[in-house]
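What follows is one structure encoded as structure tokens, with my remarks underneath.
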Amino acid sequence: MNSSPNDTELQTLVRHAIATCSVFARWSPDRVASLARVANLRRYKRGNVVPTGAGAERQALLTVSGHLEISQTTSAGKRFVMGIVGEGEIAGLFRLLDDPEVGYGYVARDETTVIHLRCADLAELLDAEPTGWRDVARIVLQRQVQAVAAGLDQIVLGGADYRVAATLQRLATLFGVRSAQGTRLKLRLSQDDLADMLCVSRQTVNKELRRLEDMSVIFCAYNTVTILDSEALHQIVCSRR
């Protein structure tokens with residue numbers, strides 16, 4: 001399941017993924033190539049836990065394809081989904097600065113390819129050209145803002161109707177694919193997944209999704225949601241705030 005980028009094809013794939021990631025957009029081809037040489041490409045099946053290492057071996061994760069779920073499961077078996085990382089996004093940059101104890105982890109939501117970047121290697125390259133730390137700081141701060149907004153939408157603000165609508169709107173912005181029928185979320189999204197994001201029961205999610213379907217705002221198929229009327233969904237979110 002694991003493979004190291006040690007041949008031409010894999011090296012090209014890794015270099016392209018690094019070069020097109022927003023954190024490394026200002027990097028020279030030589031610096032990108034230096035990072036690619038010490039990167040590790042791994043493929044995971046749906047449900048696999050994606051390790052991030054610890055201590056000197058702690059790592060950041062760059063998603064090449066598929067999606068990573070950021071989640072935590074309590075001792076009682078209750079799962080809470082904190083967020084989803086998609087193609088081209090990098091997770092775990094905070095590990096560049098410290099080796100914190102965190103309760104959450106990363107799980108492949110589907111067939112997912114990830115580039116593991118050892119933080120020690122990445123920090124060494126950033127230190128050699130310190131302006132690169134600015135882009136790291138920008139991404140980390142953006143993630144912090146997004147995490148707060150997502151937490152408010154998913155858990156704190158409003159009733160279940162608002163929280164379901166706001167979460168669907170946010171996921172459509174992050175993972176939506178436009179078509180003639182509407183905006184389809186390009187990730188598996190079950191009612192259990194939404195319930196775990198919102199800390200509500202599956203029955204509550206089912207009721208709210210059916211209500212939105214009855215209003216012709218969304219269409220639900222097996223593990224798939226399509227936004228049929230984005231403007232109507234936006235108006236629902238605004239009216240419930």
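Residue numbering restarts at 1 in every chain; chains get A, B, ... in the order shown in the structure tokens, and ligands count up from 1 in that same order.
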**OP:** From range 44-190 of chain A, collect each residue whose DSSP state is strand (DSSP E or B) and return the set as a PyMOL selection string.
**Re:** chain A and resi 44+49-50+59-65+68-73+79-85+90-91+105-108+112-118+176-178+183-185
Original post:
Using only C-alpha atoms, which residues sit within 9 Å of range 21-35 of chain A once same-chain residues fewer than 3 positions away are excluded, as a PyMOL selection string?
Top reply: chain A and resi 11+14-18+38-39+62+88-90+117+121-122+125+132+135-136+138-139
Original post:
Near Leu96 in chain A, within 10 Å and counting only C-alpha atoms, which residues show up once chain neighbours fewer than 3 positions away are dropped, as a list in words?
Top reply: Arg58, Gln59, Ala60, Gly92, Leu93, Asp99, Arg118, Cys119, Ala120, Asp121, Leu122, Ala123 and Val136 of chain A
How would the residues just chosen look if you wrote them out with N, CA and C atoms as a short mmCIF file (atom, residue, chain, number, x, y, z; two decimals), in the first residue's frame?
```cif
data_model
loop_
_atom_site.label_atom_id
_atom_site.label_comp_id
_atom_site.auth_asym_id
_atom_site.auth_seq_id
_atom_site.Cartn_x
_atom_site.Cartn_y
_atom_site.Cartn_z
N ARG A 58 7.68 13.62 13.22
CA ARG A 58 6.34 14.15 12.97
C ARG A 58 6.25 14.70 11.54
N GLN A 59 5.05 14.63 10.97
CA GLN A 59 4.88 14.89 9.55
C GLN A 59 3.66 15.77 9.29
N ALA A 60 3.73 16.53 8.20
CA ALA A 60 2.58 17.20 7.63
C ALA A 60 2.08 16.33 6.48
N GLY A 92 -1.77 19.57 9.16
CA GLY A 92 -0.77 19.31 10.19
C GLY A 92 0.41 20.25 10.18
N LEU A 93 0.28 21.44 9.57
CA LEU A 93 1.40 22.37 9.54
C LEU A 93 1.79 22.85 10.93
N ASP A 99 5.37 19.67 19.01
CA ASP A 99 4.93 18.28 18.93
C ASP A 99 3.79 18.09 19.94
N ARG A 118 8.13 15.15 6.18
CA ARG A 118 8.71 15.17 7.52
C ARG A 118 8.96 16.62 7.92
N CYS A 119 8.46 16.99 9.08
CA CYS A 119 8.52 18.39 9.50
C CYS A 119 9.96 18.88 9.62
N ALA A 120 10.87 18.03 10.03
CA ALA A 120 12.27 18.45 10.16
C ALA A 120 12.83 18.85 8.79
N ASP A 121 12.50 18.08 7.74
CA ASP A 121 12.97 18.41 6.39
C ASP A 121 12.33 19.70 5.89
N LEU A 122 11.03 19.84 6.14
CA LEU A 122 10.32 21.02 5.68
C LEU A 122 10.81 22.27 6.39
N ALA A 123 11.04 22.18 7.71
CA ALA A 123 11.53 23.33 8.47
C ALA A 123 12.91 23.75 8.02
N VAL A 136 3.28 29.75 5.26
CA VAL A 136 2.83 28.78 6.26
C VAL A 136 1.92 29.46 7.27
#
```
**OP:** Determine which residues of range 14-109 of chain A DSSP labels as alpha helix (DSSP H) from the backbone of this structure, then write them out as a ChimeraX atom specification.
**Re:** /A:14-19,29-37
Keeping only N, CA, C and O atoms, take the residues you just selected and write them out as a short mmCIF file (atom, residue, chain, number, x, y, z; two decimals), in the first residue's frame.
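Result saved to again33.cif:
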```cif
data_model
loop_
_atom_site.label_atom_id
_atom_site.label_comp_id
_atom_site.auth_asym_id
_atom_site.auth_seq_id
_atom_site.Cartn_x
_atom_site.Cartn_y
_atom_site.Cartn_z
N VAL A 14 4.95 13.72 -7.39
CA VAL A 14 5.19 14.39 -6.11
C VAL A 14 5.58 15.85 -6.32
O VAL A 14 5.09 16.75 -5.64
N ARG A 15 6.47 16.10 -7.27
CA ARG A 15 6.89 17.49 -7.54
C ARG A 15 5.70 18.35 -7.96
O ARG A 15 5.54 19.48 -7.51
N HIS A 16 4.85 17.79 -8.82
CA HIS A 16 3.67 18.55 -9.28
C HIS A 16 2.73 18.85 -8.12
O HIS A 16 2.23 19.98 -7.99
N ALA A 17 2.49 17.86 -7.27
CA ALA A 17 1.58 18.06 -6.14
C ALA A 17 2.13 19.13 -5.19
O ALA A 17 1.37 19.97 -4.69
N ILE A 18 3.42 19.10 -4.93
CA ILE A 18 4.02 20.10 -4.05
C ILE A 18 3.97 21.48 -4.68
O ILE A 18 3.60 22.46 -4.04
N ALA A 19 4.34 21.57 -5.95
CA ALA A 19 4.41 22.86 -6.63
C ALA A 19 3.05 23.54 -6.75
O ALA A 19 2.96 24.78 -6.76
N PRO A 29 11.69 25.85 -8.54
CA PRO A 29 11.69 24.43 -8.91
C PRO A 29 12.75 23.62 -8.16
O PRO A 29 12.52 22.46 -7.83
N ASP A 30 13.90 24.24 -7.88
CA ASP A 30 14.96 23.52 -7.17
C ASP A 30 14.53 23.19 -5.74
O ASP A 30 14.80 22.09 -5.24
N ARG A 31 13.88 24.14 -5.07
CA ARG A 31 13.44 23.89 -3.70
C ARG A 31 12.32 22.84 -3.68
O ARG A 31 12.28 21.99 -2.79
N VAL A 32 11.43 22.92 -4.65
CA VAL A 32 10.36 21.91 -4.75
C VAL A 32 10.98 20.53 -4.95
O VAL A 32 10.57 19.55 -4.32
N ALA A 33 11.98 20.46 -5.83
CA ALA A 33 12.64 19.17 -6.10
C ALA A 33 13.34 18.65 -4.84
O ALA A 33 13.33 17.44 -4.57
N SER A 34 13.94 19.55 -4.06
CA SER A 34 14.61 19.13 -2.82
C SER A 34 13.62 18.53 -1.84
O SER A 34 13.91 17.51 -1.21
N LEU A 35 12.43 19.14 -1.72
CA LEU A 35 11.42 18.60 -0.82
C LEU A 35 10.86 17.29 -1.35
O LEU A 35 10.63 16.35 -0.58
N ALA A 36 10.68 17.21 -2.66
CA ALA A 36 10.13 15.98 -3.26
C ALA A 36 11.05 14.79 -3.02
O ALA A 36 10.57 13.66 -2.83
N ARG A 37 12.35 15.04 -3.01
CA ARG A 37 13.30 13.93 -2.85
C ARG A 37 13.20 13.29 -1.46
O ARG A 37 13.55 12.11 -1.30
#
```
Subject >> Polymer residues at most 12 Å from range 176-187 of chain A, only C-alpha atoms, same-chain spacing of 5 or more positions, as a ChimeraX atom specification >> reply: /A:46,65-69,84-87,108-112,167-171,193,216-231,233
Original post:
For Gly83 in chain A, which residue out of A:Ile70, A:Ala54, A:Leu141, A:Cys199 is the nearest one, using only C-alpha atoms?
Top reply: A:Ile70
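One distance worth recording is that between CA of Gly103 in chain A and CA of Ala91 in chain A, which is 15.1 Å.
Proximity ranking of A:Asp192, A:Ala165, A:Tyr104, A:Thr204 relative to Gln72 in chain A places A:Tyr104 first, based on only C-alpha atoms.
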